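Visitor: You'll find run10.pdb just under this line, and it carries PDB, C-alpha atoms.
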MODEL        1
ATOM      1  CA  MET A   4     230.579  91.481   5.310
ATOM      2  CA  ALA A   5     229.421  87.882   5.543
ATOM      3  CA  GLY A   6     232.827  86.432   4.905
ATOM      4  CA  GLY A   7     233.502  88.757   2.008
ATOM      5  CA  ILE A   8     230.841  87.193  -0.175
ATOM      6  CA  HIS A   9     230.541  90.367  -2.211
ATOM      7  CA  GLU A  10     234.255  90.258  -2.883
ATOM      8  CA  ARG A  11     234.085  86.609  -3.918
ATOM      9  CA  ILE A  12     231.233  87.290  -6.305
ATOM     10  CA  ALA A  13     233.059  90.289  -7.705
ATOM     11  CA  ALA A  14     236.149  88.139  -8.196
ATOM     12  CA  ARG A  15     234.118  85.463  -9.975
ATOM     13  CA  TRP A  16     232.035  87.741 -12.225
ATOM     14  CA  GLY A  17     233.723  91.138 -12.135
ATOM     15  CA  ALA A  18     235.630  90.537 -15.343
ATOM     16  CA  GLN A  19     232.559  89.666 -17.374
ATOM     17  CA  ALA A  20     230.307  92.261 -15.777
ATOM     18  CA  LEU A  21     229.939  95.681 -17.328
ATOM     19  CA  GLU A  22     229.814  97.212 -13.868
ATOM     20  CA  ALA A  23     230.228  95.824 -10.375
ATOM     21  CA  ALA A  24     229.858  98.160  -7.427
ATOM     22  CA  THR A  25     228.723  98.064  -3.840
ATOM     23  CA  THR A  26     225.935 100.522  -3.132
ATOM     24  CA  HIS A  27     223.961 100.828   0.088
ATOM     25  CA  GLY A  28     225.473  97.608   1.374
ATOM     26  CA  LEU A  29     224.570  95.433  -1.567
ATOM     27  CA  LEU A  30     226.513  94.347  -4.596
ATOM     28  CA  ALA A  31     225.133  95.603  -7.898
ATOM     29  CA  LEU A  32     226.154  93.774 -11.028
ATOM     30  CA  LEU A  33     225.418  94.981 -14.525
ATOM     31  CA  VAL A  34     225.783  92.253 -17.137
ATOM     32  CA  GLU A  35     224.895  91.534 -20.743
ATOM     33  CA  PRO A  36     221.338  90.168 -21.146
ATOM     34  CA  ALA A  37     222.718  86.870 -22.444
ATOM     35  CA  LEU A  38     224.594  86.353 -19.177
ATOM     36  CA  VAL A  39     221.651  86.830 -16.807
ATOM     37  CA  ALA A  40     220.616  83.202 -16.517
ATOM     38  CA  GLU A  41     224.195  82.030 -16.103
ATOM     39  CA  VAL A  42     224.993  84.580 -13.388
ATOM     40  CA  ALA A  43     221.772  83.687 -11.580
ATOM     41  CA  ARG A  44     222.633  80.011 -11.738
ATOM     42  CA  SER A  45     226.054  80.742 -10.328
ATOM     43  CA  LEU A  46     224.619  82.927  -7.548
ATOM     44  CA  LYS A  47     222.270  80.164  -6.535
ATOM     45  CA  ALA A  48     224.636  77.217  -6.866
ATOM     46  CA  GLU A  49     227.975  78.682  -5.805
ATOM     47  CA  PHE A  50     227.066  81.510  -3.469
ATOM     48  CA  GLY A  51     223.861  80.318  -1.794
ATOM     49  CA  PHE A  52     221.434  82.968  -3.006
ATOM     50  CA  ASP A  53     218.388  80.783  -2.537
ATOM     51  CA  MET A  54     215.703  83.473  -2.745
ATOM     52  CA  LEU A  55     214.625  85.580  -5.688
ATOM     53  CA  LEU A  56     213.176  88.719  -4.145
ATOM     54  CA  ASP A  57     212.103  90.763  -7.104
ATOM     55  CA  ILE A  58     212.079  91.118 -10.848
ATOM     56  CA  THR A  59     211.265  94.511 -12.235
ATOM     57  CA  ALA A  60     212.395  96.921 -14.895
ATOM     58  CA  VAL A  61     213.318 100.570 -15.242
ATOM     59  CA  ASP A  62     212.370 102.618 -18.266
ATOM     60  CA  TRP A  63     214.893 105.233 -19.411
ATOM     61  CA  PRO A  64     213.054 106.774 -22.362
ATOM     62  CA  ASP A  65     216.040 108.771 -23.645
ATOM     63  CA  ARG A  66     218.703 106.109 -23.273
ATOM     64  CA  ALA A  67     219.840 103.841 -26.090
ATOM     65  CA  PRO A  68     219.215 100.427 -24.544
ATOM     66  CA  ARG A  69     215.997 101.722 -23.063
ATOM     67  CA  PHE A  70     215.240  99.259 -20.281
ATOM     68  CA  ASP A  71     217.032  97.962 -17.240
ATOM     69  CA  VAL A  72     215.778  94.571 -16.126
ATOM     70  CA  VAL A  73     216.511  94.381 -12.405
ATOM     71  CA  TYR A  74     216.748  91.277 -10.243
ATOM     72  CA  HIS A  75     217.274  91.108  -6.509
ATOM     73  CA  PHE A  76     218.584  87.960  -4.862
ATOM     74  CA  TYR A  77     218.809  87.193  -1.173
ATOM     75  CA  SER A  78     220.803  84.631   0.722
ATOM     76  CA  THR A  79     219.016  83.238   3.753
ATOM     77  CA  ARG A  80     222.309  81.687   4.817
ATOM     78  CA  ASP A  81     224.454  84.831   4.769
ATOM     79  CA  PHE A  82     221.714  87.485   5.003
ATOM     80  CA  VAL A  83     223.029  89.495   2.065
ATOM     81  CA  ARG A  84     221.463  90.811  -1.089
ATOM     82  CA  VAL A  85     222.715  91.091  -4.640
ATOM     83  CA  ARG A  86     221.247  93.192  -7.389
ATOM     84  CA  LEU A  87     221.619  92.035 -10.966
ATOM     85  CA  LYS A  88     220.837  94.332 -13.869
ATOM     86  CA  ALA A  89     220.802  93.920 -17.624
ATOM     87  CA  ARG A  90     220.119  96.497 -20.304
ATOM     88  CA  VAL A  91     217.762  95.576 -23.136
ATOM     89  CA  THR A  92     216.548  97.579 -26.101
ATOM     90  CA  VAL A  93     212.974  98.514 -26.852
ATOM     91  CA  GLU A  94     213.182  96.694 -30.180
ATOM     92  CA  ALA A  95     214.220  93.385 -28.606
ATOM     93  CA  PRO A  96     213.441  93.501 -24.878
ATOM     94  CA  VAL A  97     214.374  89.869 -24.313
ATOM     95  CA  VAL A  98     216.113  88.101 -21.450
ATOM     96  CA  ASP A  99     216.153  84.441 -20.469
ATOM     97  CA  THR A 100     213.651  83.230 -17.923
ATOM     98  CA  LEU A 101     214.714  82.265 -14.415
ATOM     99  CA  VAL A 102     211.798  79.851 -13.921
ATOM    100  CA  PRO A 103     214.021  76.744 -14.058
ATOM    101  CA  LEU A 104     216.015  78.180 -11.118
ATOM    102  CA  TYR A 105     213.336  79.898  -9.064
ATOM    103  CA  ASN A 106     209.644  79.011  -9.274
ATOM    104  CA  SER A 107     208.788  82.416  -7.846
ATOM    105  CA  ALA A 108     210.094  83.935 -11.064
ATOM    106  CA  ARG A 109     206.977  82.738 -12.876
ATOM    107  CA  PHE A 110     204.631  85.352 -11.415
ATOM    108  CA  GLN A 111     207.211  88.104 -11.211
ATOM    109  CA  GLU A 112     208.101  87.721 -14.859
ATOM    110  CA  ARG A 113     204.420  87.866 -15.746
ATOM    111  CA  GLU A 114     204.094  91.157 -13.919
ATOM    112  CA  CYS A 115     207.239  92.585 -15.466
ATOM    113  CA  HIS A 116     206.034  91.448 -18.865
ATOM    114  CA  GLU A 117     202.653  93.153 -18.665
ATOM    115  CA  MET A 118     203.924  96.348 -17.047
ATOM    116  CA  TYR A 119     207.038  96.909 -19.192
ATOM    117  CA  GLY A 120     206.718  94.537 -22.116
ATOM    118  CA  ILE A 121     209.880  92.628 -21.296
ATOM    119  CA  GLU A 122     209.942  89.196 -22.931
ATOM    120  CA  PHE A 123     211.243  86.326 -20.833
ATOM    121  CA  ARG A 124     212.463  83.661 -23.213
ATOM    122  CA  GLY A 125     211.447  80.249 -21.917
ATOM    123  CA  ASN A 126     208.566  81.365 -19.684
ATOM    124  CA  ASP A 127     205.609  79.776 -21.450
ATOM    125  CA  ASP A 128     202.961  81.494 -19.311
ATOM    126  CA  LEU A 129     203.175  85.257 -19.748
ATOM    127  CA  ARG A 130     199.444  85.957 -19.397
ATOM    128  CA  PRO A 131     198.478  89.198 -17.617
ATOM    129  CA  ILE A 132     198.491  88.746 -13.863
ATOM    130  CA  LEU A 133     197.407  92.127 -12.486
ATOM    131  CA  LEU A 134     195.939  93.554 -15.663
ATOM    132  CA  TYR A 135     193.131  91.992 -17.620
ATOM    133  CA  GLU A 136     192.933  90.219 -20.951
ATOM    134  CA  GLY A 137     192.599  92.697 -23.754
ATOM    135  CA  PHE A 138     194.619  95.465 -22.130
ATOM    136  CA  VAL A 139     196.645  97.201 -24.817
ATOM    137  CA  GLY A 140     200.086  98.567 -24.054
ATOM    138  CA  HIS A 141     202.374  98.493 -21.036
ATOM    139  CA  PRO A 142     201.236 100.977 -18.399
ATOM    140  CA  LEU A 143     204.502 101.474 -16.529
ATOM    141  CA  ARG A 144     206.390 102.494 -19.640
ATOM    142  CA  LYS A 145     206.991 106.219 -19.606
ATOM    143  CA  ASP A 146     205.245 106.721 -22.940
ATOM    144  CA  TYR A 147     201.964 105.214 -21.746
ATOM    145  CA  PRO A 148     199.542 108.165 -21.387
ATOM    146  CA  LYS A 149     198.861 108.732 -17.710
ATOM    147  CA  GLN A 150     195.130 109.303 -18.093
ATOM    148  CA  ARG A 151     194.449 106.604 -20.662
ATOM    149  CA  GLU A 152     191.633 104.317 -19.527
ATOM    150  CA  GLN A 153     190.658 100.944 -20.927
ATOM    151  CA  PRO A 154     187.333 100.261 -19.196
ATOM    152  CA  LEU A 155     185.743  96.827 -19.263
ATOM    153  CA  VAL A 156     182.251  98.154 -18.516
ATOM    154  CA  PRO A 157     180.767 100.743 -20.874
ATOM    155  CA  TYR A 158     180.265 104.096 -19.182
ATOM    156  CA  LEU A 159     176.738 105.322 -18.501
ATOM    157  CA  LYS A 160     177.117 108.740 -20.074
TER     158      LYS A 160
ATOM    159  CA  MET B  30     127.671 100.866  28.846
ATOM    160  CA  ASN B  31     128.792  98.136  31.150
ATOM    161  CA  SER B  32     126.294  95.792  29.660
ATOM    162  CA  VAL B  33     128.183  95.872  26.345
ATOM    163  CA  PRO B  34     130.779  93.073  26.244
ATOM    164  CA  LYS B  35     134.383  94.327  26.206
ATOM    165  CA  HIS B  36     135.242  93.019  22.784
ATOM    166  CA  GLU B  37     132.287  94.827  21.247
ATOM    167  CA  ARG B  38     133.058  98.254  22.678
ATOM    168  CA  SER B  39     134.218 100.991  20.309
ATOM    169  CA  PRO B  40     137.996 101.369  20.164
ATOM    170  CA  SER B  41     139.846 103.889  22.255
ATOM    171  CA  PRO B  42     141.506 106.927  20.611
ATOM    172  CA  LEU B  43     144.662 106.315  18.520
ATOM    173  CA  GLU B  44     143.695 102.806  17.598
ATOM    174  CA  TYR B  45     143.702 103.954  13.966
ATOM    175  CA  LEU B  46     146.073 106.241  12.106
ATOM    176  CA  THR B  47     145.461 107.679   8.690
ATOM    177  CA  THR B  48     148.455 108.300   6.476
ATOM    178  CA  LYS B  49     149.443 108.230   2.852
ATOM    179  CA  LYS B  50     150.783 105.104   1.251
ATOM    180  CA  ASP B  51     154.032 106.738   0.137
ATOM    181  CA  GLU B  52     154.697 108.169   3.576
ATOM    182  CA  PHE B  53     153.981 104.882   5.265
ATOM    183  CA  VAL B  54     156.090 102.816   2.888
ATOM    184  CA  GLY B  55     158.865 105.390   2.993
ATOM    185  CA  TRP B  56     158.823 105.365   6.787
ATOM    186  CA  ALA B  57     159.083 101.585   6.783
ATOM    187  CA  ARG B  58     161.792 101.448   4.176
ATOM    188  CA  LYS B  59     164.016 104.126   5.600
ATOM    189  CA  PHE B  60     164.422 102.187   8.851
ATOM    190  CA  SER B  61     165.176  98.855   7.239
ATOM    191  CA  LEU B  62     168.179  99.542   5.053
ATOM    192  CA  PHE B  63     170.103  96.348   4.478
ATOM    193  CA  PRO B  64     173.547  97.373   3.290
ATOM    194  CA  TYR B  65     175.703  95.326   1.004
ATOM    195  CA  PRO B  66     179.265  96.392   1.826
ATOM    196  CA  PHE B  67     181.318  96.356  -1.363
ATOM    197  CA  VAL B  68     184.491  97.060   0.557
ATOM    198  CA  THR B  69     187.759  97.193  -1.331
ATOM    199  CA  ALA B  70     190.241  99.491   0.359
ATOM    200  CA  CYS B  71     191.327 101.489   3.382
ATOM    201  CA  CYS B  72     187.917 103.175   3.801
ATOM    202  CA  ALA B  73     186.920  99.792   5.213
ATOM    203  CA  MET B  74     188.602 100.752   8.494
ATOM    204  CA  GLU B  75     186.338 103.757   8.781
ATOM    205  CA  PHE B  76     183.374 101.671   7.709
ATOM    206  CA  MET B  77     184.086  99.225  10.541
ATOM    207  CA  ALA B  78     184.369 102.086  13.006
ATOM    208  CA  VAL B  79     181.066 103.576  11.951
ATOM    209  CA  SER B  80     179.353 100.186  12.042
ATOM    210  CA  SER B  81     180.556  99.268  15.497
ATOM    211  CA  THR B  82     179.406 100.309  18.933
ATOM    212  CA  PRO B  83     180.712 103.892  19.376
ATOM    213  CA  TYR B  84     178.907 105.224  16.294
ATOM    214  CA  ASP B  85     176.432 102.429  15.787
ATOM    215  CA  THR B  86     174.623 102.616  12.476
ATOM    216  CA  ASP B  87     172.139 100.186  13.989
ATOM    217  CA  ARG B  88     170.351 103.264  15.341
ATOM    218  CA  PHE B  89     169.317 103.999  11.772
ATOM    219  CA  GLY B  90     168.239 100.488  10.977
ATOM    220  CA  ALA B  91     171.242 100.141   8.704
ATOM    221  CA  ALA B  92     173.408  97.777  10.681
ATOM    222  CA  LEU B  93     172.953  94.278   9.398
ATOM    223  CA  PRO B  94     175.123  93.737   6.347
ATOM    224  CA  ARG B  95     173.810  91.226   3.865
ATOM    225  CA  PHE B  96     176.541  89.537   1.923
ATOM    226  CA  SER B  97     174.175  88.588  -0.841
ATOM    227  CA  PRO B  98     173.130  91.387  -3.165
ATOM    228  CA  ARG B  99     169.749  89.703  -3.573
ATOM    229  CA  GLN B 100     168.918  90.338   0.087
ATOM    230  CA  SER B 101     170.129  93.906   0.297
ATOM    231  CA  ASP B 102     168.820  97.265  -0.814
ATOM    232  CA  LEU B 103     171.690  99.629  -0.055
ATOM    233  CA  LEU B 104     174.934  99.169  -1.963
ATOM    234  CA  MET B 105     177.789 100.797  -0.078
ATOM    235  CA  VAL B 106     180.836 101.053  -2.301
ATOM    236  CA  VAL B 107     183.676 101.588   0.142
ATOM    237  CA  GLY B 108     187.051 102.144  -1.454
ATOM    238  CA  THR B 109     188.838 102.268  -4.769
ATOM    239  CA  ILE B 110     187.283 100.449  -7.694
ATOM    240  CA  ASN B 111     189.587  99.580 -10.538
ATOM    241  CA  HIS B 112     188.747  98.640 -14.075
ATOM    242  CA  LYS B 113     189.295  94.971 -13.390
ATOM    243  CA  GLN B 114     186.702  95.027 -10.586
ATOM    244  CA  ALA B 115     184.182  97.135 -12.470
ATOM    245  CA  PRO B 116     182.333  94.184 -14.090
ATOM    246  CA  VAL B 117     181.897  92.623 -10.640
ATOM    247  CA  LEU B 118     180.476  95.810  -9.173
ATOM    248  CA  ARG B 119     178.143  96.249 -12.111
ATOM    249  CA  ARG B 120     176.943  92.672 -11.693
ATOM    250  CA  VAL B 121     176.361  93.050  -7.950
ATOM    251  CA  TYR B 122     174.312  96.164  -8.651
ATOM    252  CA  GLU B 123     172.241  94.384 -11.262
ATOM    253  CA  GLN B 124     171.543  91.478  -8.911
ATOM    254  CA  MET B 125     170.001  93.719  -6.250
ATOM    255  CA  CYS B 126     166.216  93.898  -6.235
ATOM    256  CA  GLU B 127     164.292  97.152  -6.493
ATOM    257  CA  PRO B 128     164.078  99.396  -4.595
ATOM    258  CA  LYS B 129     167.810  99.935  -4.221
ATOM    259  CA  TRP B 130     170.117 102.757  -3.360
ATOM    260  CA  VAL B 131     173.833 103.296  -3.821
ATOM    261  CA  ILE B 132     176.248 105.182  -1.590
ATOM    262  CA  ALA B 133     179.691 106.127  -2.863
ATOM    263  CA  PHE B 134     181.743 106.069   0.319
ATOM    264  CA  GLY B 135     184.921 108.134   0.254
ATOM    265  CA  ALA B 136     186.918 110.024  -2.313
ATOM    266  CA  CYS B 137     187.925 107.017  -4.430
ATOM    267  CA  ALA B 138     184.437 105.641  -4.944
ATOM    268  CA  THR B 139     183.217 109.176  -5.629
ATOM    269  CA  SER B 140     185.822 110.295  -8.146
ATOM    270  CA  GLY B 141     188.771 107.929  -8.154
ATOM    271  CA  GLY B 142     190.447 110.075  -5.514
ATOM    272  CA  PHE B 143     194.113 110.567  -6.178
ATOM    273  CA  TYR B 144     194.275 107.468  -8.357
ATOM    274  CA  GLN B 145     194.145 108.955 -11.832
ATOM    275  CA  ASN B 146     195.877 106.223 -13.790
ATOM    276  CA  TYR B 147     195.494 103.188 -16.009
ATOM    277  CA  ALA B 148     194.080 100.993 -13.246
ATOM    278  CA  ALA B 149     191.526 102.997 -11.275
ATOM    279  CA  LEU B 150     187.956 103.742 -12.218
ATOM    280  CA  ALA B 151     187.456 107.495 -11.786
ATOM    281  CA  GLY B 152     184.214 107.299  -9.823
ATOM    282  CA  ILE B 153     181.672 104.511  -9.663
ATOM    283  CA  ASP B 154     178.995 106.799 -11.143
ATOM    284  CA  LYS B 155     180.549 106.067 -14.507
ATOM    285  CA  ILE B 156     179.117 102.541 -14.395
ATOM    286  CA  ILE B 157     176.240 102.539 -11.868
ATOM    287  CA  PRO B 158     173.833 105.272 -10.732
ATOM    288  CA  VAL B 159     174.766 106.755  -7.354
ATOM    289  CA  ASP B 160     172.255 108.253  -4.908
ATOM    290  CA  LEU B 161     174.586 109.701  -2.311
ATOM    291  CA  TYR B 162     178.237 110.707  -2.233
ATOM    292  CA  ILE B 163     180.168 110.837   1.034
ATOM    293  CA  PRO B 164     183.423 112.769   0.573
ATOM    294  CA  GLY B 165     186.551 112.350   2.622
ATOM    295  CA  CYS B 166     189.690 110.278   2.608
ATOM    296  CA  PRO B 167     188.380 108.485   4.558
ATOM    297  CA  PRO B 168     185.129 110.129   5.681
ATOM    298  CA  ARG B 169     184.645 110.868   9.348
ATOM    299  CA  PRO B 170     182.028 108.621  10.989
ATOM    300  CA  GLU B 171     179.906 111.718  11.554
ATOM    301  CA  MET B 172     179.879 112.309   7.802
ATOM    302  CA  VAL B 173     178.752 108.752   7.174
ATOM    303  CA  ILE B 174     175.959 109.075   9.719
ATOM    304  CA  ASP B 175     174.971 112.394   8.164
ATOM    305  CA  GLY B 176     174.940 110.718   4.764
ATOM    306  CA  ILE B 177     172.771 107.842   5.941
ATOM    307  CA  MET B 178     170.325 110.305   7.523
ATOM    308  CA  LYS B 179     170.179 112.333   4.318
ATOM    309  CA  LEU B 180     169.424 109.172   2.381
ATOM    310  CA  GLN B 181     166.728 108.280   4.901
ATOM    311  CA  ASP B 182     165.168 111.717   4.465
ATOM    312  CA  ARG B 183     165.150 111.192   0.747
ATOM    313  CA  ILE B 184     163.564 107.751   1.049
ATOM    314  CA  ALA B 185     160.920 109.167   3.388
ATOM    315  CA  ARG B 186     160.042 111.917   0.927
ATOM    316  CA  ASP B 187     160.266 109.722  -2.155
ATOM    317  CA  ARG B 188     157.453 108.201  -4.108
ATOM    318  CA  HIS B 189     157.116 104.466  -3.613
ATOM    319  CA  PRO B 190     155.069 103.144  -6.484
ATOM    320  CA  ILE B 191     153.676  99.666  -6.054
ATOM    321  CA  PHE B 192     154.390  98.884  -9.682
ATOM    322  CA  THR B 193     157.580 100.308 -11.099
ATOM    323  CA  GLU B 194     158.247 100.688 -14.775
ATOM    324  CA  LYS B 195     160.697  97.817 -14.515
ATOM    325  CA  PHE B 196     158.200  95.550 -12.801
TER     326      PHE B 196
ENDMDL
END
Render the structure in this file as structure tokens.
Guide:
Amino acid sequence: MAGGIHERIAARWGAQALEAATTHGLLALLVEPALVAEVARSLKAEFGFDMLLDITAVDWPDRAPRFDVVYHFYSTRDFVRVRLKARVTVEAPVVDTLVPLYNSARFQERECHEMYGIEFRGNDDLRPILLYEGFVGHPLRKDYPKQREQPLVPYLK
Amino acid sequence: MNSVPKHERSPSPLEYLTTKKDEFVGWARKFSLFPYPFVTACCAMEFMAVSSTPYDTDRFGAALPRFSPRQSDLLMVVGTINHKQAPVLRRVYEQMCEPKWVIAFGACATSGGFYQNYAALAGIDKIIPVDLYIPGCPPRPEMVIDGIMKLQDRIARDRHPIFTEKF
């Protein structure tokens, strides 16, 4: 596929990755959190992944490093996608920001920060983007109570 | 008879009507509802359908939307309201002049619908008084027309004091 770009990436990063597998036609890399920025830089500079599609997280409440931070990259030259994942703990949910590489990371990291509480080291603007100032907690974490409301207007009754 | 000039003759029957002030004012008000569409979500599609020619809310005098709350007297909340929007809705309601009525259009405005989570307000009646609820996800145009007619009946039967307590 696309000149074996998945194979070339796997050859370049497979040794340092914790996992590297092709699922549903895209390459999924699992790396240490400290490697995220470096792998992203390599994907952009060496392999032509010029578009950052998505930054999100997955909460595994019973797992030891509780969160997966998930990135999706797309190459508009080769029309392929790569998924990059890193596992972070609930005590120190920190990864490096990708803002120096992709400006679109600024908003996506803000959303991931407010929804999951992931810290993006180097992103100096992690204000709420969909939520409002004063919102306590991270609503997409599994331990956020489903029915908990934080109204801005006092209720009538 | 013919010697009396025309403009001095006594009026013909039905030149005068006697009525009560509340009935007269109610009759006038119920046919001049100026809606403010606070439209946030997919119910808007149904709102457009009911406003346009096939269903035609103009028949009820409720066709001309005013996009300033100060010029409107019927607040139609069409769609999901979330906590972040709630201060805006409250403010729009407060800016409307008396007399004013509120319709909660659809399941989300009525109760939050199936959005029972951190973001959605579970019914606009938690923050503003609501006169009429129209259920449905989204409501059929017939239900909206039925709702508008019910509100008109209520306005016609209501008291319309010249001085309100808030005046």
Visitor: Residues of chain A no more than 8 Å from chain B, counting only C-alpha atoms: send them over as a VMD selection string.
Guide: chain A and resid 134 to 135 142 149 to 160
Visitor: For Phe123 in chain A, which residue out of A:Ala20, A:Ile58, A:Leu33, A:Ala48 is the nearest one, using only C-alpha atoms?
Guide: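 Closest to Phe123 in chain A of all the choices is A:Ile58.
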Visitor: What's around Val98 in chain A at 8 Å? Count all atoms listed in the file, leave out sequence neighbours fewer than 5 positions away in its own chain, and write the answer as a list in words.
Guide: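 The filter keeps Pro36, Ala37, Val39, Val91, Ile121, Glu122, Phe123 and Arg124 of chain A.
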Visitor: When the PyMOL selection byres ((chain A and resi 94) around 12) is applied to the structure above, which residues does it catch, written out as a list in words?
Guide: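 Against this file, the PyMOL selection byres ((chain A and resi 94) around 12) returns the residues Ala67, Pro68, Arg69, Phe70, Val91, Thr92, Val93, Ala95, Pro96, Val97, Gly120, Ile121 and Glu122 of chain A.
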Visitor: Report as a ChimeraX atom specification the residues that result from applying the PyMOL selection byres ((chain B and resi 177) around 9) to the structure here.
Guide: /B:86,89,91,132,161,172-176,178-182
Visitor: Go through A:Thr25, A:Val139, A:Asp127, A:Leu56 and flag the residue nearest Ala108 in chain A, using all atoms listed in the file for the distances.
Guide: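 Closest residue, counting all atoms listed in the file: A:Leu56.
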Visitor: Expand the PyMOL selection byres ((chain A and resi 104) around 10) into the individual residues it matches in the shown file, reporting them as a VMD selection string.
Guide: chain A and resid 40 43 to 44 47 to 48 53 to 55 100 to 103 105 to 108
Visitor: Work out how far apart CA of Arg113 in chain A and CA of Thr59 in chain A are and give it in Å to one decimal.
Guide: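 Interatomic distance, CA of Arg113 in chain A to CA of Thr59 in chain A: 10.2 Å.
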Visitor: CA of Pro164 in chain B to CA of Tyr65 in chain B: how many Å, to one decimal?
Guide: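 CA of Tyr65 in chain B lies at a distance of 19.1 Å from CA of Pro164 in chain B.
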Visitor: Work out how far apart CA of Leu133 in chain A and CA of Tyr119 in chain A are and give it in Å to one decimal.
Guide: 12.7 Å
Visitor: Give me, as an MDAnalysis selection string, all polymer residues having an atom no more than 12 Å from Ile191 in chain B, counting all atoms listed in the file and skipping those fewer than 2 positions away in the same chain.
Guide: chainID B and resid 50:51 54:55 127:128 188:189 193:196
Visitor: Extending 3 Å beyond the listed atoms of range 179-195 of chain B on each side, what axis-aligned box results? I want centre and edge lengths in Å to one decimal, as lines of an AutoDock Vina configuration file.
Guide:
center_x = 161.9
center_y = 105.1
center_z = -4.9
size_x = 22.5
size_y = 20.5
size_z = 25.7
Visitor: Using only C-alpha atoms, which residue out of A:Ala89, A:Arg109, A:Tyr77, A:Ala60 lies closest to His141 in chain A?
Guide: A:Ala60
Visitor: Residues proximal to (174.5, 89.3, 1.1) were defined as those with any atom within 9 Å of that point in the file's coordinates, counting only C-alpha atoms. Which are they, as a list in words?
Guide: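 Nearby residues: Phe63, Pro64, Tyr65, Pro66, Pro94, Arg95, Phe96, Ser97, Pro98, Arg99, Gln100 and Ser101 of chain B.
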Visitor: Could you pull the residues within 10 Å of Asp146 in chain A, counting all atoms listed in the file, minus those fewer than 6 positions along the same chain, as a list in words?
Guide: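 Returned residues: Asp62, Pro64 and Gly140 of chain A.
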Visitor: For the selection you just gave me, I'd like the residues written to a file as an mmCIF file, in the coordinates of the input, keeping C-alpha atoms.
Guide:
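Result saved to result09.cif:
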data_model
loop_
_atom_site.group_PDB
_atom_site.id
_atom_site.type_symbol
_atom_site.label_atom_id
_atom_site.label_comp_id
_atom_site.auth_asym_id
_atom_site.auth_seq_id
_atom_site.Cartn_x
_atom_site.Cartn_y
_atom_site.Cartn_z
ATOM 1 C CA ASP A 62 212.370 102.618 -18.266
ATOM 2 C CA PRO A 64 213.054 106.774 -22.362
ATOM 3 C CA GLY A 140 200.086 98.567 -24.054
#
Visitor: May I have the residues within 8 Å of Gly165 in chain B as number ranges by chain, using all atoms listed in the file and disregarding those fewer than 3 positions away in the same chain?
Guide: B: 135-136, 168-169
Visitor: Between B:Tyr84, B:Tyr122, B:Phe134, B:Phe53, which has the minimum distance to Cys72 in chain B (counting only C-alpha atoms)?
Guide: B:Phe134
